[in-house]
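A.B. asks: So that you have it, the file is upload_39.cif, and it contains mmCIF, C-alpha atoms:
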```
data_run
loop_
_atom_site.label_atom_id
_atom_site.label_comp_id
_atom_site.auth_asym_id
_atom_site.auth_seq_id
_atom_site.Cartn_x
_atom_site.Cartn_y
_atom_site.Cartn_z
CA MET R 16 -173.39 -152.00 14.52
CA LEU R 17 -175.61 -152.21 17.59
CA LEU R 18 -178.93 -153.95 17.03
CA SER R 19 -180.66 -150.85 18.40
CA GLU R 20 -179.13 -148.81 15.55
CA PHE R 21 -180.53 -150.95 12.75
CA LYS R 22 -183.06 -149.23 10.53
CA VAL R 23 -186.29 -151.17 10.66
CA GLN R 24 -189.60 -151.09 8.84
CA ASN R 25 -192.95 -152.68 9.51
CA VAL R 26 -193.70 -155.44 7.06
CA GLN R 27 -196.43 -157.97 6.43
CA SER R 28 -195.80 -161.22 8.27
CA ASP R 29 -195.34 -164.37 6.18
CA ILE R 30 -196.45 -167.89 7.12
CA PHE R 31 -192.93 -169.08 7.93
CA SER R 32 -192.04 -166.22 10.27
CA SER R 33 -195.46 -166.43 11.94
CA ARG R 34 -195.04 -170.15 12.57
CA ILE R 35 -191.62 -169.65 14.15
CA SER R 36 -192.90 -166.78 16.29
CA GLN R 37 -195.92 -168.77 17.49
CA LYS R 38 -193.90 -171.89 18.23
CA VAL R 39 -191.29 -169.90 20.15
CA SER R 40 -194.09 -168.27 22.19
CA ASP R 41 -195.58 -171.70 22.90
CA GLY R 42 -192.17 -173.07 23.92
CA ILE R 43 -192.43 -175.79 21.28
CA LEU R 44 -189.02 -175.07 19.74
CA ASN R 45 -187.12 -175.33 23.02
CA GLU R 46 -186.23 -178.94 22.22
CA ARG R 47 -183.73 -179.66 19.47
CA GLU R 48 -185.89 -182.29 17.79
CA SER R 49 -188.89 -179.95 17.55
CA LEU R 50 -186.71 -177.22 16.10
CA LEU R 51 -185.23 -179.58 13.49
CA ASP R 52 -188.70 -180.86 12.55
CA GLU R 53 -189.93 -177.29 12.04
CA LEU R 54 -186.88 -176.25 10.01
CA SER R 55 -187.21 -179.39 7.87
CA TRP R 56 -190.89 -178.60 7.20
CA GLN R 57 -190.03 -174.99 6.35
CA TYR R 58 -187.23 -175.98 3.98
CA SER R 59 -189.19 -178.62 2.08
CA THR R 60 -192.25 -176.37 1.84
CA LEU R 61 -190.20 -173.44 0.56
CA GLU R 62 -188.44 -175.76 -1.88
CA ALA R 63 -191.73 -177.05 -3.30
CA PHE R 64 -193.53 -173.72 -3.61
CA SER R 65 -190.42 -171.90 -4.82
CA LEU R 66 -190.70 -173.81 -8.09
CA LEU R 67 -193.90 -171.87 -8.67
CA VAL R 68 -192.88 -168.34 -7.75
CA TYR R 69 -189.68 -167.94 -9.73
CA GLU R 70 -189.86 -166.21 -13.05
CA GLU R 71 -187.63 -167.37 -15.89
CA ASN R 72 -183.94 -166.43 -15.52
CA GLN R 73 -184.20 -165.78 -11.79
CA ALA R 74 -181.68 -167.55 -9.58
CA ASN R 75 -182.57 -170.93 -8.20
CA TRP R 76 -183.83 -170.44 -4.65
CA ARG R 77 -181.12 -172.67 -3.19
CA ASN R 78 -178.47 -170.28 -4.53
CA LYS R 79 -179.96 -167.11 -3.14
CA ARG R 80 -176.94 -166.03 -1.10
CA GLY R 81 -177.08 -162.66 -2.82
CA TYR R 82 -180.61 -162.07 -1.54
CA SER R 83 -181.08 -159.18 0.84
CA LEU R 84 -183.34 -159.68 3.87
CA SER R 85 -185.96 -157.76 1.92
CA ASP R 86 -185.61 -160.16 -1.04
CA LYS R 87 -185.96 -163.17 1.25
CA HIS R 88 -189.00 -161.67 2.92
CA ASN R 89 -190.65 -160.89 -0.43
CA HIS R 90 -189.97 -164.44 -1.57
CA GLN R 91 -191.60 -165.89 1.56
CA ILE R 92 -194.59 -163.56 1.10
CA ALA R 93 -195.02 -164.81 -2.49
CA VAL R 94 -194.91 -168.42 -1.28
CA SER R 95 -197.31 -167.60 1.58
CA ARG R 96 -199.86 -166.21 -0.90
CA LEU R 97 -199.83 -169.50 -2.81
CA MET R 98 -200.18 -171.50 0.39
CA GLU R 99 -203.17 -169.44 1.53
CA ASN R 100 -205.06 -169.30 -1.77
CA GLU R 101 -205.97 -172.56 -3.51
CA GLU R 102 -207.04 -170.82 -6.73
CA LEU R 103 -203.70 -168.99 -6.98
CA LEU R 104 -201.88 -172.26 -6.32
CA ILE R 105 -203.78 -174.19 -9.00
CA ASN R 106 -203.19 -171.40 -11.51
CA ALA R 107 -199.48 -171.30 -10.63
CA ILE R 108 -199.18 -175.07 -11.20
CA LYS R 109 -201.08 -174.70 -14.46
CA LYS R 110 -198.76 -171.89 -15.56
CA TYR R 111 -195.71 -173.96 -14.60
CA ALA R 112 -196.99 -176.97 -16.60
CA GLN R 113 -197.84 -174.70 -19.55
CA GLY R 114 -194.26 -173.46 -19.55
CA GLN R 115 -193.08 -177.08 -19.81
CA PHE R 116 -195.55 -177.76 -22.65
CA GLU R 117 -194.16 -174.75 -24.51
CA LYS R 118 -190.69 -176.31 -24.23
CA GLY R 119 -191.99 -179.42 -26.03
CA THR R 120 -193.19 -181.70 -23.24
CA THR R 121 -196.56 -183.29 -24.05
CA ASP R 122 -196.89 -185.45 -20.92
CA LEU R 123 -198.35 -183.82 -17.79
CA GLY R 124 -196.41 -186.16 -15.49
CA LYS R 125 -193.14 -185.16 -17.14
CA ALA R 126 -194.14 -181.50 -17.03
CA LEU R 127 -194.56 -181.81 -13.26
CA MET R 128 -191.53 -184.08 -12.74
CA LYS R 129 -189.86 -181.65 -10.31
CA PHE R 130 -192.95 -181.91 -8.10
CA SER R 131 -193.06 -185.71 -7.96
CA LYS R 132 -191.59 -185.98 -4.45
CA TYR R 133 -194.16 -183.50 -3.14
CA LEU R 134 -197.16 -185.30 -4.62
CA VAL R 135 -197.61 -187.47 -1.56
CA ASP R 136 -200.31 -186.60 0.95
CA GLU R 137 -198.07 -186.46 4.01
CA VAL R 138 -195.39 -184.41 2.24
CA ASN R 139 -197.41 -181.56 0.78
CA PRO R 140 -201.18 -182.08 0.76
CA ALA R 141 -201.90 -178.63 -0.73
CA ILE R 142 -199.84 -179.27 -3.86
CA LEU R 143 -201.20 -182.81 -4.20
CA LEU R 144 -204.80 -181.61 -3.95
CA SER R 145 -204.19 -178.75 -6.39
CA VAL R 146 -202.68 -181.07 -9.02
CA LYS R 147 -205.68 -183.40 -8.64
CA LYS R 148 -208.08 -180.45 -9.06
CA LEU R 149 -206.16 -179.28 -12.13
CA ILE R 150 -206.52 -182.76 -13.63
CA GLY R 151 -210.18 -182.81 -12.58
CA TRP R 152 -210.87 -179.72 -14.66
CA GLY R 153 -209.77 -181.69 -17.74
CA LYS R 154 -208.97 -178.53 -19.69
CA PHE R 155 -205.96 -179.74 -21.64
CA ASP R 156 -205.07 -179.59 -25.32
CA ASP R 157 -205.70 -182.82 -27.22
CA GLN R 158 -202.00 -183.66 -27.56
CA ILE R 159 -201.34 -183.54 -23.79
CA SER R 160 -201.26 -186.99 -22.21
CA ILE R 161 -200.68 -188.36 -18.74
CA GLY R 162 -198.82 -191.57 -17.93
CA VAL R 163 -200.22 -194.55 -16.07
CA ILE R 164 -197.35 -194.56 -13.56
CA PHE R 165 -197.86 -190.88 -12.71
CA LEU R 166 -201.64 -191.32 -12.33
CA SER R 167 -201.20 -194.45 -10.21
CA LYS R 168 -198.84 -192.70 -7.79
CA LEU R 169 -200.92 -189.52 -7.69
CA TYR R 170 -204.16 -191.31 -6.78
CA GLY R 171 -202.59 -194.20 -4.83
CA LEU R 172 -203.74 -196.84 -7.33
CA GLU R 173 -202.26 -200.32 -7.74
CA GLN R 174 -200.34 -199.78 -10.98
CA GLU R 175 -200.72 -203.18 -12.65
CA ASN R 176 -204.46 -203.42 -11.92
CA PHE R 177 -205.01 -199.89 -13.21
CA LYS R 178 -203.00 -200.61 -16.35
CA GLN R 179 -205.02 -203.80 -16.94
CA TYR R 180 -208.26 -201.85 -16.49
CA LEU R 181 -207.14 -199.26 -19.05
CA GLN R 182 -206.23 -201.96 -21.56
CA ASN R 183 -209.64 -203.60 -21.16
CA HIS R 184 -211.90 -200.57 -20.84
CA VAL R 185 -210.31 -197.66 -22.71
CA SER R 186 -210.12 -197.63 -26.49
CA THR R 187 -206.71 -198.21 -28.05
CA THR R 188 -206.77 -194.65 -29.37
CA GLY R 189 -207.36 -193.39 -25.83
CA PHE R 190 -204.74 -195.61 -24.22
CA LYS R 191 -201.42 -195.87 -25.99
CA ASN R 192 -197.78 -195.88 -24.96
CA ARG R 193 -198.84 -196.34 -21.31
CA ALA R 194 -200.61 -192.98 -21.29
CA ILE R 195 -204.08 -191.53 -21.75
CA PRO R 196 -205.23 -188.06 -22.81
CA ALA R 197 -204.89 -185.71 -19.82
CA SER R 198 -208.38 -184.35 -20.56
CA LEU R 199 -209.87 -187.81 -19.78
CA ALA R 200 -207.70 -188.68 -16.77
CA ALA R 201 -210.07 -187.66 -13.95
CA LYS R 202 -213.03 -189.42 -15.61
CA VAL R 203 -211.04 -192.62 -16.18
CA VAL R 204 -209.72 -192.68 -12.59
CA SER R 205 -213.23 -192.12 -11.23
CA GLU R 206 -214.64 -194.95 -13.39
CA TYR R 207 -211.80 -197.25 -12.31
CA LEU R 208 -212.47 -196.57 -8.62
CA GLU R 209 -216.18 -197.34 -9.15
CA PHE R 210 -215.28 -200.50 -11.10
CA LYS R 211 -213.10 -201.76 -8.27
#
```
Before we go any further, please render this structure as structure tokens.
C.D. replies:
Amino acid sequence: MLLSEFKVQNVQSDIFSSRISQKVSDGILNERESLLDELSWQYSTLEAFSLLVYEENQANWRNKRGYSLSDKHNHQIAVSRLMENEELLINAIKKYAQGQFEKGTTDLGKALMKFSKYLVDEVNPAILLSVKKLIGWGKFDDQISIGVIFLSKLYGLEQENFKQYLQNHVSTTGFKNRAIPASLAAKVVSEYLEFK
């Protein structure tokens, strides 16, 4: 079929398409390395945020060969909304974690295990900041804990020093099995940073 014969419709632009369009206009993607850098950013960003936009029983985003162009566009719009709205993103992460808690996980770090590689500032600052804000709210059930290793990596703390601080300054009921209650995590990290 000739391209001129395709049926087209006007649609809302998503972040990923807009970035490509702008970079093509600016001539930035003319070099192979720039193109590969952009595609790598797009893939890793879609991978991270896709964990938050899939409903249960939907196909994993990597196996979306059966997606129509419309499906792919709708998926990128859903991801774009999360990227543009911090409140939506925090609530999506909260909902994702809640789903893991309902499956029996009681550790926030384990609930967010699939996000661990994105919780580094240079990799995905929006997700990192949103997880920190979620922890900062401290609105977790009493049985939900958070591990020392996860907290150390999340906040860039020296693990052994932080663990030593917890052993010396947090009650044994608050610090056990290398974890603390998730509801106290932000307060404890803040006190540790002041103590240092």
A.B. asks: Counting all atoms listed in the file, which residues of stretch 56-149 of chain R sit at most 6 Å from some atom of stretch 154-177 of chain R, and what is each one's closest atom pair with its distance in Å to one decimal, listed by chain and rising residue number, as a tab-separated table?
C.D. replies:
```
residue	atom	partner	partner_atom	distance
R:Thr121	CA	R:Ile159	CA	4.8
R:Asp122	CA	R:Ser160	CA	4.8
R:Leu123	CA	R:Ile161	CA	5.2
R:Gly124	CA	R:Phe165	CA	5.7
```
A.B. asks: Take the residues from that selection and write them out as an mmCIF file, in the coordinates of the input, keeping C-alpha atoms.
C.D. replies:
```
data_model
loop_
_atom_site.group_PDB
_atom_site.id
_atom_site.type_symbol
_atom_site.label_atom_id
_atom_site.label_comp_id
_atom_site.auth_asym_id
_atom_site.auth_seq_id
_atom_site.Cartn_x
_atom_site.Cartn_y
_atom_site.Cartn_z
ATOM 1 C CA THR R 121 -196.560 -183.290 -24.050
ATOM 2 C CA ASP R 122 -196.890 -185.450 -20.920
ATOM 3 C CA LEU R 123 -198.350 -183.820 -17.790
ATOM 4 C CA GLY R 124 -196.410 -186.160 -15.490
#
```
A.B. asks: Got a sec to resolve the PyMOL selection byres ((chain R and resi 108) around 12) on this structure and send the residues as a count of residues only?
C.D. replies: 38
A.B. asks: Apply the PyMOL selection byres ((chain R and resi 31) around 12) to the file shown and report the selected residues as a VMD selection string.
C.D. replies: chain R and resid 27 to 30 32 to 38 53 to 61 87 to 96 98
A.B. asks: To one decimal place, how far is atom CA of R:Asn45 from atom CA of R:Val26 in Å?
C.D. replies: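 The value is 26.3 Å.
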A.B. asks: Please compute the atom CA of R:Asn139-atom CA of R:Pro196 distance, one decimal, in Å.
C.D. replies: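 Atom CA of R:Asn139 sits 25.7 Å away from atom CA of R:Pro196.
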A.B. asks: Can you spell out as a list in words the set of residues that the PyMOL selection byres ((chain R and resi 207) around 12) selects in the structure I just provided?
C.D. replies: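 Listing what the PyMOL selection byres ((chain R and resi 207) around 12) selects in the shown file: Leu166, Ser167, Tyr170, Leu172, Glu173, Gln174, Asn176, Phe177, Lys178, Gln179, Tyr180, Leu181, Gln182, Asn183, His184, Val185, Ala200, Ala201, Lys202, Val203, Val204, Ser205, Glu206, Leu208, Glu209, Phe210 and Lys211 of chain R.
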A.B. asks: In Å, with one decimal, what is the gap from atom CA of R:Val138 to atom CA of R:Ser85?
C.D. replies: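 Rounded to one decimal, the two atoms are 28.3 Å apart.
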